[in-house]
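Structure data (mmCIF, C-alpha atoms) from target-v8.cif:
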```cif
data_upload
loop_
_atom_site.label_atom_id
_atom_site.label_comp_id
_atom_site.auth_asym_id
_atom_site.auth_seq_id
_atom_site.Cartn_x
_atom_site.Cartn_y
_atom_site.Cartn_z
CA MET Z 1472 -32.41 33.95 -33.86
CA GLN Z 1473 -29.70 35.57 -31.75
CA VAL Z 1474 -26.47 33.74 -30.89
CA SER Z 1475 -23.42 34.69 -28.84
CA VAL Z 1476 -20.27 32.64 -28.23
CA GLU Z 1477 -18.04 32.60 -25.15
CA GLU Z 1478 -14.72 30.83 -24.66
CA LEU Z 1479 -14.72 29.17 -21.24
CA GLY Z 1480 -11.08 28.10 -21.38
CA GLY Z 1481 -9.27 25.53 -23.47
CA LEU Z 1482 -11.61 23.97 -25.98
CA GLU Z 1483 -14.83 24.62 -24.07
CA ARG Z 1484 -17.39 26.99 -25.58
CA ARG Z 1485 -20.75 28.33 -24.42
CA LEU Z 1486 -23.40 29.40 -26.86
CA THR Z 1487 -26.26 31.59 -25.73
CA VAL Z 1488 -29.11 31.00 -28.17
CA GLN Z 1489 -32.35 33.00 -28.28
CA VAL Z 1490 -35.27 31.84 -30.44
CA PRO Z 1491 -38.12 34.37 -30.89
CA ALA Z 1492 -41.34 33.59 -29.02
CA GLU Z 1493 -43.26 34.06 -32.29
CA LYS Z 1494 -41.41 31.17 -33.89
CA VAL Z 1495 -42.09 28.93 -30.89
CA GLU Z 1496 -45.78 29.74 -30.81
CA GLN Z 1497 -46.12 29.38 -34.58
CA GLU Z 1498 -44.64 25.89 -34.45
CA VAL Z 1499 -46.80 24.89 -31.48
CA GLN Z 1500 -49.99 26.08 -33.20
CA SER Z 1501 -49.00 24.36 -36.46
CA ARG Z 1502 -48.46 21.03 -34.75
CA LEU Z 1503 -51.68 21.28 -32.75
CA ALA Z 1504 -53.61 22.04 -35.94
CA SER Z 1505 -52.05 19.01 -37.63
CA LEU Z 1506 -52.87 16.88 -34.60
CA ALA Z 1507 -56.50 18.08 -34.59
CA ARG Z 1508 -56.94 16.69 -38.09
CA ARG Z 1509 -55.72 13.25 -37.00
CA VAL Z 1510 -56.69 12.77 -33.36
CA LYS Z 1511 -59.54 10.42 -32.40
CA LEU Z 1512 -61.67 11.12 -29.33
CA ASP Z 1513 -64.88 9.50 -28.14
CA GLY Z 1514 -67.90 11.58 -29.09
CA PHE Z 1515 -66.26 13.24 -32.06
CA ARG Z 1516 -65.85 12.20 -35.66
CA PRO Z 1517 -62.24 11.90 -36.89
CA GLY Z 1518 -60.92 15.32 -37.82
CA LYS Z 1519 -63.80 17.14 -36.10
CA VAL Z 1520 -62.32 17.49 -32.59
CA PRO Z 1521 -62.48 21.21 -31.62
CA PHE Z 1522 -59.09 22.90 -31.64
CA LYS Z 1523 -59.49 24.14 -28.05
CA VAL Z 1524 -60.10 20.58 -26.86
CA VAL Z 1525 -56.95 19.38 -28.61
CA GLN Z 1526 -55.03 22.32 -27.17
CA ARG Z 1527 -56.23 21.59 -23.63
CA MET Z 1528 -55.43 17.88 -23.85
CA TYR Z 1529 -52.16 17.95 -25.80
CA GLY Z 1530 -50.86 21.52 -25.54
CA ASP Z 1531 -48.20 20.90 -22.87
CA GLN Z 1532 -46.92 17.74 -24.55
CA VAL Z 1533 -46.70 19.40 -27.96
CA ARG Z 1534 -44.95 22.45 -26.49
CA GLN Z 1535 -42.27 20.27 -24.88
CA GLU Z 1536 -41.72 18.45 -28.18
CA VAL Z 1537 -41.44 21.77 -30.03
CA LEU Z 1538 -38.96 23.17 -27.48
CA GLY Z 1539 -36.82 20.06 -27.76
CA ASP Z 1540 -36.82 20.13 -31.55
CA LEU Z 1541 -36.11 23.87 -31.67
CA VAL Z 1542 -33.17 23.50 -29.28
CA GLN Z 1543 -31.72 20.80 -31.51
CA SER Z 1544 -32.26 22.62 -34.81
CA SER Z 1545 -31.21 26.04 -33.50
CA PHE Z 1546 -28.02 24.58 -32.00
CA GLN Z 1547 -27.05 23.04 -35.35
CA GLU Z 1548 -27.79 26.35 -37.07
CA ALA Z 1549 -25.77 28.27 -34.47
CA VAL Z 1550 -22.60 26.14 -34.76
CA LEU Z 1551 -22.74 26.39 -38.56
CA GLN Z 1552 -23.23 30.13 -38.34
CA HIS Z 1553 -20.11 30.53 -36.18
CA ASN Z 1554 -18.01 27.81 -37.90
CA LEU Z 1555 -17.72 25.74 -34.73
CA ARG Z 1556 -16.90 22.02 -34.76
CA PRO Z 1557 -18.32 20.36 -31.63
CA ALA Z 1558 -16.31 17.35 -30.47
CA ALA Z 1559 -19.34 15.89 -28.69
CA GLY Z 1560 -22.97 16.69 -27.92
CA PRO Z 1561 -23.67 19.84 -25.89
CA ARG Z 1562 -24.87 20.19 -22.33
CA ILE Z 1563 -28.08 22.25 -22.58
CA GLU Z 1564 -29.00 24.61 -19.74
CA PRO Z 1565 -32.41 26.32 -20.24
CA LYS Z 1566 -32.56 30.01 -19.42
CA THR Z 1567 -36.16 30.94 -20.31
CA VAL Z 1568 -38.86 28.56 -21.58
CA ALA Z 1569 -42.00 30.32 -20.31
CA VAL Z 1570 -45.04 30.58 -22.57
CA GLY Z 1571 -45.08 33.85 -24.49
CA GLN Z 1572 -41.37 34.51 -23.96
CA ASP Z 1573 -38.40 33.91 -26.22
CA LEU Z 1574 -36.82 30.45 -25.90
CA GLU Z 1575 -33.36 31.09 -24.50
CA TYR Z 1576 -30.75 28.52 -23.47
CA TYR Z 1577 -27.06 27.88 -22.98
CA ALA Z 1578 -25.25 25.15 -24.92
CA ILE Z 1579 -21.91 24.17 -23.40
CA PHE Z 1580 -19.58 21.90 -25.37
CA GLU Z 1581 -16.00 21.31 -26.50
CA VAL Z 1582 -14.73 21.95 -30.01
CA PHE Z 1583 -12.07 20.11 -31.97
CA PRO Z 1584 -8.64 21.78 -31.69
CA GLU Z 1585 -7.46 23.88 -34.61
CA PHE Z 1586 -3.85 23.19 -35.60
CA LYS Z 1587 -1.53 22.48 -38.53
CA VAL Z 1588 0.57 19.33 -38.52
CA GLN Z 1589 4.26 20.16 -38.20
CA GLY Z 1590 7.67 18.61 -37.63
CA LEU Z 1591 7.32 15.75 -40.12
CA GLU Z 1592 10.91 16.06 -41.34
CA GLY Z 1593 12.17 15.84 -37.76
CA ILE Z 1594 10.68 12.42 -37.05
CA LYS Z 1595 13.47 9.87 -36.53
CA VAL Z 1596 12.87 6.18 -37.17
CA GLU Z 1597 15.14 3.20 -36.65
CA ARG Z 1598 13.83 0.48 -38.93
CA PRO Z 1599 14.82 -3.00 -37.65
CA VAL Z 1600 16.40 -5.39 -40.13
CA ALA Z 1601 16.20 -9.09 -39.27
CA GLU Z 1602 15.69 -12.59 -40.66
CA VAL Z 1603 14.21 -15.78 -39.25
CA ALA Z 1604 17.23 -17.90 -38.21
CA GLU Z 1605 17.34 -21.65 -37.63
CA ALA Z 1606 17.76 -20.93 -33.91
CA ASP Z 1607 14.48 -18.98 -33.98
CA ILE Z 1608 12.71 -22.02 -35.43
CA ASP Z 1609 14.32 -24.23 -32.77
CA SER Z 1610 13.02 -21.87 -30.11
CA MET Z 1611 9.52 -21.91 -31.64
CA ILE Z 1612 9.46 -25.73 -31.64
CA GLU Z 1613 10.50 -25.67 -27.98
CA ASN Z 1614 7.62 -23.28 -27.25
CA LEU Z 1615 5.22 -25.67 -29.01
CA ARG Z 1616 6.53 -28.51 -26.85
CA GLN Z 1617 6.00 -26.47 -23.70
CA GLN Z 1618 2.45 -25.67 -24.73
CA ARG Z 1619 1.77 -29.43 -24.71
CA THR Z 1620 3.45 -30.13 -21.39
CA ARG Z 1621 2.15 -33.03 -19.31
CA TRP Z 1622 2.48 -32.84 -15.52
CA ASN Z 1623 3.58 -35.84 -13.47
CA GLU Z 1624 3.04 -35.65 -9.73
CA VAL Z 1625 6.22 -36.16 -7.67
CA SER Z 1626 7.01 -36.58 -3.98
CA ARG Z 1627 10.18 -34.47 -3.96
CA ALA Z 1628 10.51 -30.81 -2.95
CA ALA Z 1629 9.22 -28.20 -5.40
CA GLN Z 1630 11.71 -26.43 -7.65
CA ASN Z 1631 11.57 -23.80 -10.40
CA GLY Z 1632 9.58 -25.05 -13.38
CA ASP Z 1633 7.38 -27.36 -11.29
CA ARG Z 1634 3.64 -26.87 -11.01
CA VAL Z 1635 2.27 -26.76 -7.48
CA THR Z 1636 -1.35 -26.86 -6.42
CA LEU Z 1637 -1.91 -24.77 -3.31
CA ASP Z 1638 -4.26 -23.05 -0.92
CA PHE Z 1639 -3.23 -19.61 0.32
CA GLU Z 1640 -4.49 -16.73 2.44
CA GLY Z 1641 -3.00 -13.27 2.82
CA LYS Z 1642 -3.45 -10.73 5.62
CA LEU Z 1643 -2.71 -7.01 5.53
CA GLU Z 1644 -2.13 -5.92 9.12
CA GLY Z 1645 -4.29 -8.87 10.19
CA ALA Z 1646 -7.20 -8.00 7.85
CA ASP Z 1647 -8.50 -9.52 4.60
CA PHE Z 1648 -8.19 -7.70 1.27
CA PRO Z 1649 -9.61 -8.34 -2.23
CA GLY Z 1650 -8.16 -11.50 -3.77
CA ASN Z 1651 -6.35 -12.54 -0.59
CA LYS Z 1652 -7.54 -16.16 -0.69
CA GLY Z 1653 -7.27 -19.05 -3.12
CA GLU Z 1654 -8.03 -22.76 -3.05
CA ASN Z 1655 -6.59 -25.49 -5.30
CA VAL Z 1656 -4.72 -22.85 -7.30
CA PRO Z 1657 -2.33 -24.29 -9.94
CA LEU Z 1658 0.91 -22.28 -10.15
CA VAL Z 1659 4.06 -22.89 -12.20
CA LEU Z 1660 7.01 -21.75 -10.10
CA GLY Z 1661 9.14 -19.20 -11.92
CA SER Z 1662 6.30 -18.12 -14.21
CA GLY Z 1663 6.10 -14.67 -12.59
CA ARG Z 1664 2.34 -14.97 -12.30
CA MET Z 1665 2.31 -13.90 -8.64
CA ILE Z 1666 3.89 -10.83 -7.03
CA PRO Z 1667 7.69 -10.96 -6.55
CA GLY Z 1668 8.74 -13.19 -3.68
CA PHE Z 1669 5.58 -15.31 -3.56
CA GLU Z 1670 6.68 -18.10 -5.91
CA GLU Z 1671 10.22 -18.10 -4.52
CA ALA Z 1672 8.84 -18.74 -1.03
CA LEU Z 1673 7.27 -22.02 -2.19
CA ILE Z 1674 10.49 -23.53 -3.54
CA GLY Z 1675 11.61 -26.45 -1.36
CA LEU Z 1676 8.14 -27.37 -0.07
CA VAL Z 1677 6.75 -30.87 -0.57
CA GLY Z 1678 3.14 -31.92 -0.98
CA GLY Z 1679 1.20 -31.39 2.26
CA GLU Z 1680 3.68 -28.87 3.69
CA SER Z 1681 2.66 -25.37 4.83
CA LYS Z 1682 4.59 -22.14 5.21
CA THR Z 1683 3.97 -18.58 6.42
CA PHE Z 1684 6.01 -15.79 4.81
CA MET Z 1685 6.03 -12.03 4.19
CA VAL Z 1686 5.81 -10.49 0.73
CA THR Z 1687 5.83 -6.80 -0.16
CA PHE Z 1688 3.52 -5.66 -2.94
CA PRO Z 1689 5.20 -3.61 -5.73
CA GLN Z 1690 5.02 0.17 -5.49
CA ASP Z 1691 3.21 0.31 -8.86
CA TYR Z 1692 0.59 -2.32 -7.94
CA PRO Z 1693 -2.80 -1.25 -9.38
CA ASN Z 1694 -4.58 -1.54 -6.03
CA LYS Z 1695 -3.24 1.54 -4.23
CA ASP Z 1696 -4.30 0.13 -0.84
CA LEU Z 1697 -1.77 -2.70 -1.34
CA ALA Z 1698 0.99 -0.93 -3.28
CA GLY Z 1699 4.26 -1.02 -1.35
CA LYS Z 1700 2.64 -2.77 1.66
CA PRO Z 1701 4.10 -5.88 3.39
CA VAL Z 1702 1.57 -8.72 3.56
CA SER Z 1703 1.69 -12.00 5.50
CA PHE Z 1704 0.76 -15.10 3.48
CA SER Z 1705 0.02 -18.61 4.73
CA ALA Z 1706 0.26 -21.25 2.00
CA THR Z 1707 -0.21 -25.01 1.87
CA VAL Z 1708 1.24 -26.91 -1.07
CA LYS Z 1709 -1.07 -29.84 -1.83
CA THR Z 1710 0.78 -31.39 -4.77
CA VAL Z 1711 4.01 -30.95 -6.71
CA ALA Z 1712 4.21 -31.96 -10.39
CA GLU Z 1713 7.15 -31.88 -12.78
CA PRO Z 1714 6.87 -31.06 -16.50
CA VAL Z 1715 7.19 -33.74 -19.16
CA LEU Z 1716 7.62 -32.41 -22.70
CA PRO Z 1717 6.55 -34.41 -25.80
CA GLU Z 1718 9.14 -35.76 -28.20
CA VAL Z 1719 9.40 -34.04 -31.59
CA ASP Z 1720 8.30 -37.09 -33.55
CA GLU Z 1721 5.85 -37.93 -36.32
CA ALA Z 1722 2.82 -37.85 -34.01
CA PHE Z 1723 3.86 -34.44 -32.64
CA VAL Z 1724 4.29 -33.01 -36.14
CA LYS Z 1725 0.98 -34.41 -37.44
CA SER Z 1726 -0.84 -32.84 -34.48
CA PHE Z 1727 -0.17 -29.47 -36.15
CA GLY Z 1728 -1.78 -30.50 -39.43
CA ILE Z 1729 1.44 -31.51 -41.22
CA ASP Z 1730 0.21 -34.61 -43.06
CA ASP Z 1731 3.57 -36.18 -43.90
CA GLY Z 1732 4.68 -35.98 -40.26
CA SER Z 1733 8.22 -34.87 -41.13
CA VAL Z 1734 10.15 -32.42 -38.98
CA GLU Z 1735 11.41 -30.73 -42.16
CA SER Z 1736 7.85 -29.94 -43.24
CA LEU Z 1737 7.07 -28.57 -39.78
CA ARG Z 1738 10.13 -26.33 -39.87
CA LYS Z 1739 9.19 -25.10 -43.36
CA ALA Z 1740 5.65 -24.23 -42.23
CA LEU Z 1741 6.97 -22.50 -39.12
CA ARG Z 1742 9.46 -20.47 -41.15
CA GLU Z 1743 6.72 -19.23 -43.51
CA ASN Z 1744 4.49 -18.25 -40.63
CA MET Z 1745 7.30 -16.62 -38.65
CA GLU Z 1746 8.42 -14.63 -41.68
CA ARG Z 1747 4.88 -13.25 -42.03
CA GLU Z 1748 4.88 -12.39 -38.33
CA LEU Z 1749 8.32 -10.79 -38.59
CA LYS Z 1750 7.18 -8.60 -41.49
CA GLN Z 1751 4.19 -7.43 -39.49
CA GLY Z 1752 6.36 -6.99 -36.40
CA ILE Z 1753 8.77 -4.71 -38.25
CA LYS Z 1754 5.83 -2.67 -39.51
CA ALA Z 1755 4.53 -2.37 -35.94
CA VAL Z 1756 7.91 -1.20 -34.59
CA VAL Z 1757 8.19 1.40 -37.34
CA LYS Z 1758 4.61 2.54 -36.87
CA ARG Z 1759 5.10 3.04 -33.11
CA GLN Z 1760 8.09 5.29 -33.78
CA VAL Z 1761 6.30 7.28 -36.48
CA MET Z 1762 3.25 7.82 -34.31
CA GLN Z 1763 5.36 8.80 -31.30
CA GLY Z 1764 7.23 11.25 -33.51
CA LEU Z 1765 3.93 12.76 -34.62
CA LEU Z 1766 2.80 13.12 -31.01
CA ASP Z 1767 6.06 14.69 -29.87
CA ALA Z 1768 6.03 17.22 -32.72
CA ASN Z 1769 2.34 18.13 -32.35
CA PRO Z 1770 1.23 18.70 -28.75
CA ILE Z 1771 -2.46 19.63 -28.91
CA ASP Z 1772 -5.33 20.29 -26.54
CA LEU Z 1773 -7.70 17.32 -26.31
CA PRO Z 1774 -11.49 17.40 -25.97
CA GLN Z 1775 -12.06 15.74 -22.60
CA ALA Z 1776 -15.36 14.30 -23.85
CA LEU Z 1777 -13.44 12.26 -26.43
CA VAL Z 1778 -10.91 11.14 -23.81
CA ARG Z 1779 -13.73 9.96 -21.53
CA GLU Z 1780 -15.34 8.06 -24.41
CA GLU Z 1781 -12.00 6.38 -25.20
CA ILE Z 1782 -11.50 5.44 -21.54
CA GLU Z 1783 -14.90 3.74 -21.54
CA GLN Z 1784 -14.08 1.88 -24.75
CA LEU Z 1785 -10.76 0.65 -23.35
CA ALA Z 1786 -12.49 -0.47 -20.16
CA ARG Z 1787 -15.01 -2.48 -22.19
CA GLN Z 1788 -12.26 -4.06 -24.27
CA MET Z 1789 -10.41 -5.09 -21.11
CA HIS Z 1790 -13.64 -6.39 -19.48
CA PHE Z 1791 -13.02 -4.03 -16.57
CA PRO Z 1792 -14.96 -5.31 -13.51
CA THR Z 1793 -17.58 -2.89 -12.18
CA ALA Z 1794 -19.12 -4.81 -9.27
CA GLY Z 1795 -18.72 -3.56 -5.73
CA LYS Z 1796 -17.66 0.01 -6.46
CA SER Z 1797 -19.44 3.34 -6.53
CA SER Z 1798 -19.65 5.26 -9.79
CA GLU Z 1799 -17.11 7.80 -8.46
CA GLU Z 1800 -14.64 5.05 -7.58
CA LEU Z 1801 -15.13 3.40 -10.97
CA GLU Z 1802 -14.50 6.61 -12.87
CA LYS Z 1803 -11.38 7.35 -10.83
CA THR Z 1804 -9.95 3.84 -11.24
CA LYS Z 1805 -10.67 3.71 -14.97
CA ALA Z 1806 -9.06 7.12 -15.44
CA GLU Z 1807 -5.94 5.91 -13.58
CA LEU Z 1808 -5.70 2.68 -15.57
CA PHE Z 1809 -6.68 3.84 -19.05
CA GLY Z 1810 -6.32 7.63 -19.01
CA GLU Z 1811 -2.86 7.97 -20.57
CA GLU Z 1812 -3.56 5.43 -23.32
CA ALA Z 1813 -6.91 7.10 -24.03
CA LYS Z 1814 -5.21 10.51 -24.40
CA ARG Z 1815 -2.63 8.99 -26.73
CA ARG Z 1816 -5.29 7.39 -28.93
CA VAL Z 1817 -7.42 10.52 -29.12
CA ALA Z 1818 -4.42 12.71 -29.94
CA LEU Z 1819 -3.21 10.34 -32.64
CA GLY Z 1820 -6.68 10.09 -34.12
CA LEU Z 1821 -6.93 13.87 -34.42
CA ILE Z 1822 -3.41 14.32 -35.79
CA VAL Z 1823 -3.62 11.49 -38.32
CA SER Z 1824 -7.00 12.77 -39.48
CA ARG Z 1825 -5.47 16.20 -40.00
CA VAL Z 1826 -2.56 14.70 -41.97
CA VAL Z 1827 -5.09 13.02 -44.28
CA THR Z 1828 -7.11 16.21 -44.71
CA GLU Z 1829 -4.23 18.65 -45.15
CA ASN Z 1830 -2.54 16.47 -47.75
CA ALA Z 1831 -5.68 15.20 -49.51
CA LEU Z 1832 -4.65 11.57 -49.04
CA LYS Z 1833 -7.02 9.07 -50.66
CA LEU Z 1834 -7.29 5.46 -49.56
CA GLU Z 1835 -5.67 3.11 -52.06
CA PRO Z 1836 -8.01 0.15 -52.81
CA ALA Z 1837 -4.99 -2.13 -53.31
CA ARG Z 1838 -4.05 -1.66 -49.65
CA VAL Z 1839 -7.52 -2.72 -48.50
CA GLN Z 1840 -7.28 -5.84 -50.66
CA ALA Z 1841 -3.79 -6.60 -49.33
CA HIS Z 1842 -5.05 -6.34 -45.74
CA LEU Z 1843 -7.97 -8.64 -46.50
CA GLU Z 1844 -5.68 -11.20 -48.13
CA GLY Z 1845 -3.25 -10.99 -45.21
CA ILE Z 1846 -6.00 -11.75 -42.71
CA ALA Z 1847 -7.48 -14.49 -44.86
CA ALA Z 1848 -4.10 -16.20 -45.38
CA SER Z 1849 -4.22 -17.76 -41.91
CA TYR Z 1850 -7.57 -19.46 -42.60
CA GLU Z 1851 -8.24 -22.65 -44.53
CA ASP Z 1852 -10.79 -21.07 -46.86
CA ALA Z 1853 -9.28 -17.65 -47.60
CA GLY Z 1854 -11.88 -16.80 -50.24
CA GLU Z 1855 -14.75 -17.31 -47.80
CA VAL Z 1856 -13.09 -15.01 -45.25
CA ILE Z 1857 -12.66 -12.25 -47.85
CA ARG Z 1858 -16.29 -12.61 -48.96
CA TRP Z 1859 -17.45 -12.37 -45.34
CA TYR Z 1860 -15.64 -9.05 -44.88
CA GLN Z 1861 -16.96 -7.72 -48.18
CA GLN Z 1862 -20.52 -8.54 -47.12
CA ASN Z 1863 -20.17 -6.95 -43.65
CA PRO Z 1864 -19.80 -3.15 -44.01
CA GLN Z 1865 -18.82 -2.53 -40.38
CA ALA Z 1866 -16.07 -5.17 -40.43
CA LEU Z 1867 -14.85 -3.95 -43.82
CA GLU Z 1868 -14.73 -0.38 -42.53
CA SER Z 1869 -12.33 -1.45 -39.77
CA ILE Z 1870 -10.05 -2.93 -42.44
CA ARG Z 1871 -10.28 0.28 -44.46
CA GLY Z 1872 -9.24 2.22 -41.35
CA LEU Z 1873 -6.19 0.01 -40.86
CA ALA Z 1874 -5.24 0.33 -44.53
CA LEU Z 1875 -5.52 4.13 -44.41
CA GLU Z 1876 -3.43 4.24 -41.24
CA GLU Z 1877 -0.74 2.13 -42.96
CA GLN Z 1878 -0.85 4.47 -45.96
CA VAL Z 1879 -0.36 7.49 -43.68
CA VAL Z 1880 2.62 5.81 -41.99
CA ASP Z 1881 4.24 5.10 -45.38
CA TRP Z 1882 3.60 8.69 -46.47
CA LEU Z 1883 5.20 9.99 -43.28
CA LEU Z 1884 8.19 7.65 -43.67
CA GLU Z 1885 8.98 9.30 -47.00
CA ARG Z 1886 9.50 12.56 -45.08
CA ALA Z 1887 11.06 11.21 -41.88
CA GLN Z 1888 14.71 10.48 -41.08
CA VAL Z 1889 14.92 6.68 -41.42
CA SER Z 1890 17.93 4.50 -40.62
CA ASP Z 1891 18.28 0.72 -40.56
CA LYS Z 1892 19.09 -1.09 -37.32
CA PRO Z 1893 20.32 -4.71 -37.24
CA SER Z 1894 18.01 -6.75 -35.04
CA SER Z 1895 16.72 -10.27 -34.37
CA PHE Z 1896 13.41 -12.08 -34.46
CA ASP Z 1897 13.13 -12.10 -30.66
CA GLU Z 1898 14.00 -8.42 -30.30
CA ILE Z 1899 11.21 -7.48 -32.70
CA MET Z 1900 8.55 -9.98 -31.66
CA LYS Z 1901 9.28 -9.88 -27.91
CA PRO Z 1902 10.47 -6.30 -27.27
CA ASN Z 1903 9.74 -6.34 -23.52
CA LYS Z 1904 11.66 -9.58 -23.02
CA ALA Z 1905 14.57 -8.33 -25.12
#
```
Could I get this file's structure written as structure tokens?
Amino acid sequence: MQVSVEELGGLERRLTVQVPAEKVEQEVQSRLASLARRVKLDGFRPGKVPFKVVQRMYGDQVRQEVLGDLVQSSFQEAVLQHNLRPAAGPRIEPKTVAVGQDLEYYAIFEVFPEFKVQGLEGIKVERPVAEVAEADIDSMIENLRQQRTRWNEVSRAAQNGDRVTLDFEGKLEGADFPGNKGENVPLVLGSGRMIPGFEEALIGLVGGESKTFMVTFPQDYPNKDLAGKPVSFSATVKTVAEPVLPEVDEAFVKSFGIDDGSVESLRKALRENMERELKQGIKAVVKRQVMQGLLDANPIDLPQALVREEIEQLARQMHFPTAGKSSEELEKTKAELFGEEAKRRVALGLIVSRVVTENALKLEPARVQAHLEGIAASYEDAGEVIRWYQQNPQALESIRGLALEEQVVDWLLERAQVSDKPSSFDEIMKPNKA
């Protein structure tokens, strides 16, 4: 077998593979002979079908199977021979497949980048230091009250914090656009659910009143046809309702599974839960900084096949709608929405994997157990949850991956420049708001 390798630029490679015609024909004849011993045809006893009959009836099919198998096996042999590490399956382009001639084909694919991890000592991390304060618990109880808000319809004008039910229709230069209409839409004014200016325009309206107003879509709006464009909206407020929050009494407390109904017990349970969340939140903040430091110190070429796969996975996770668009439009939109995050994930996956390999890091079983116990702690029957993971290899593997990632972060922290930063529960758990 003859093999040559070309670099097509970046990580792309092209193998030219040539398999001798003798090997192809030998395999074809061998398979036909095996088939002749097994094939059943009317008028012949099993195993007595003449070879030429078998060859005439099945020769083309067997040849195609042989060519396919030889391409697969010769490709694997070729990449091993040249120490190549394909990042994804190759694109095969046949060159010659004629009977009696050598099998020759091109295999085009990307390889994993070759690099050494560097810059670990230069990673800077500000580790937040915070505690759960009484005010944080007060705020959490207020959030719980808001989650159980009742709405009482009123006849006064709508104000911030009220919930209106409305019909609306938008026009872009007199024409409809996707999502421009809504009927009986509930909307809490001041929630920021709609584009800037929309909710503000409804303040002061009473039930049954209509209004026409202009709103400009944000420049970074995902739909590029609307981004930065002024749109005319007509809206009719059908009802206005004001919020009524529940009292923090025994019934309220018991509704959260606190049997004695005391506010003190509720606050104690909230503190324990919030402290667990805070611990995880601090880990997440630190991890983001460590990973960003790794990325900044190790710019690498990325196999585009892996980036495309990651884009598709992100789109599935986000339940990205596919109806009504051509495949070209879908690919372009998904690349715009998920491309940067996909590149980040692929790069981190490659770099972290290299950290593990270069430093012979071995997963610590205690970390896996700690992750399992942490997940199970929020369930009533923690033991049953742990058993479920232990009996489901795929689910357990995801936990092992998280544990190894945490171990890598801790290993990197020992080499990074770490300083403590005073912080608060809200700053850590709600970074965007803070």
Compile a residue-level contact table for range 1593-1679 of chain Z against range 1881-1896 of chain Z at a cut-off of 6 Å, reporting for every qualifying residue the shortest atom pair and its distance in Å to one decimal, with only C-alpha atoms counted, rows ordered by chain and ascending number, as CSV.
```
residue,atom,partner,partner_atom,distance
Z:Ile1594,CA,Z:Ala1887,CA,5.0
Z:Lys1595,CA,Z:Gln1888,CA,4.8
Z:Val1596,CA,Z:Val1889,CA,4.7
Z:Glu1597,CA,Z:Ser1890,CA,5.0
Z:Arg1598,CA,Z:Asp1891,CA,4.7
Z:Pro1599,CA,Z:Lys1892,CA,4.7
Z:Val1600,CA,Z:Pro1893,CA,4.9
Z:Ala1601,CA,Z:Ser1895,CA,5.1
```
Run the PyMOL selection byres ((chain Z and resi 1578-1583) around 10) mentally over the shown coordinates, then write out the matched residues as a PyMOL selection string, using the chain letters and numbers from the document.
-> chain Z and resi 1476-1488+1542+1546+1555-1565+1576-1577+1584-1586+1772-1777+1821
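When CA of Gly1539 in chain Z is paired with CA of Phe1522 in chain Z, their separation reads 22.8 Å.
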Z:Leu1591, Z:Ala1646, Z:Val1702, Z:Met1665 ranked by distance to Val1880 in chain Z, top pick (using only C-alpha atoms) |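 Nearest to Val1880 in chain Z: Z:Leu1591.
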Residue nearest Glu1829 in chain Z among Z:Ser1544, Z:Gln1473, Z:Ser1505, Z:Gln1589 (counting only C-alpha atoms) =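 Result for the nearest residue to Glu1829 in chain Z: Z:Gln1589.
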Within 12 Å of Val1495 in chain Z, counting all atoms listed in the file, which residues show up once you throw out same-chain ones fewer than 6 positions away? Write them as an mmCIF file with C-alpha atoms, in the frame of the given file, please.
```cif
data_model
loop_
_atom_site.group_PDB
_atom_site.id
_atom_site.type_symbol
_atom_site.label_atom_id
_atom_site.label_comp_id
_atom_site.auth_asym_id
_atom_site.auth_seq_id
_atom_site.Cartn_x
_atom_site.Cartn_y
_atom_site.Cartn_z
ATOM 1 C CA MET Z 1472 -32.410 33.950 -33.860
ATOM 2 C CA GLN Z 1489 -32.350 33.000 -28.280
ATOM 3 C CA SER Z 1501 -49.000 24.360 -36.460
ATOM 4 C CA ARG Z 1502 -48.460 21.030 -34.750
ATOM 5 C CA VAL Z 1533 -46.700 19.400 -27.960
ATOM 6 C CA ARG Z 1534 -44.950 22.450 -26.490
ATOM 7 C CA GLN Z 1535 -42.270 20.270 -24.880
ATOM 8 C CA GLU Z 1536 -41.720 18.450 -28.180
ATOM 9 C CA VAL Z 1537 -41.440 21.770 -30.030
ATOM 10 C CA LEU Z 1538 -38.960 23.170 -27.480
ATOM 11 C CA GLY Z 1539 -36.820 20.060 -27.760
ATOM 12 C CA ASP Z 1540 -36.820 20.130 -31.550
ATOM 13 C CA LEU Z 1541 -36.110 23.870 -31.670
ATOM 14 C CA VAL Z 1542 -33.170 23.500 -29.280
ATOM 15 C CA SER Z 1545 -31.210 26.040 -33.500
ATOM 16 C CA VAL Z 1568 -38.860 28.560 -21.580
ATOM 17 C CA ALA Z 1569 -42.000 30.320 -20.310
ATOM 18 C CA VAL Z 1570 -45.040 30.580 -22.570
ATOM 19 C CA GLY Z 1571 -45.080 33.850 -24.490
ATOM 20 C CA GLN Z 1572 -41.370 34.510 -23.960
ATOM 21 C CA ASP Z 1573 -38.400 33.910 -26.220
ATOM 22 C CA LEU Z 1574 -36.820 30.450 -25.900
ATOM 23 C CA GLU Z 1575 -33.360 31.090 -24.500
#
```
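Between Ala1786 in chain Z and the residues Z:Thr1710, Z:Gln1500, Z:Thr1804, Z:Ser1733, the shortest atom-to-atom distance, using only C-alpha atoms, involves Z:Thr1804.
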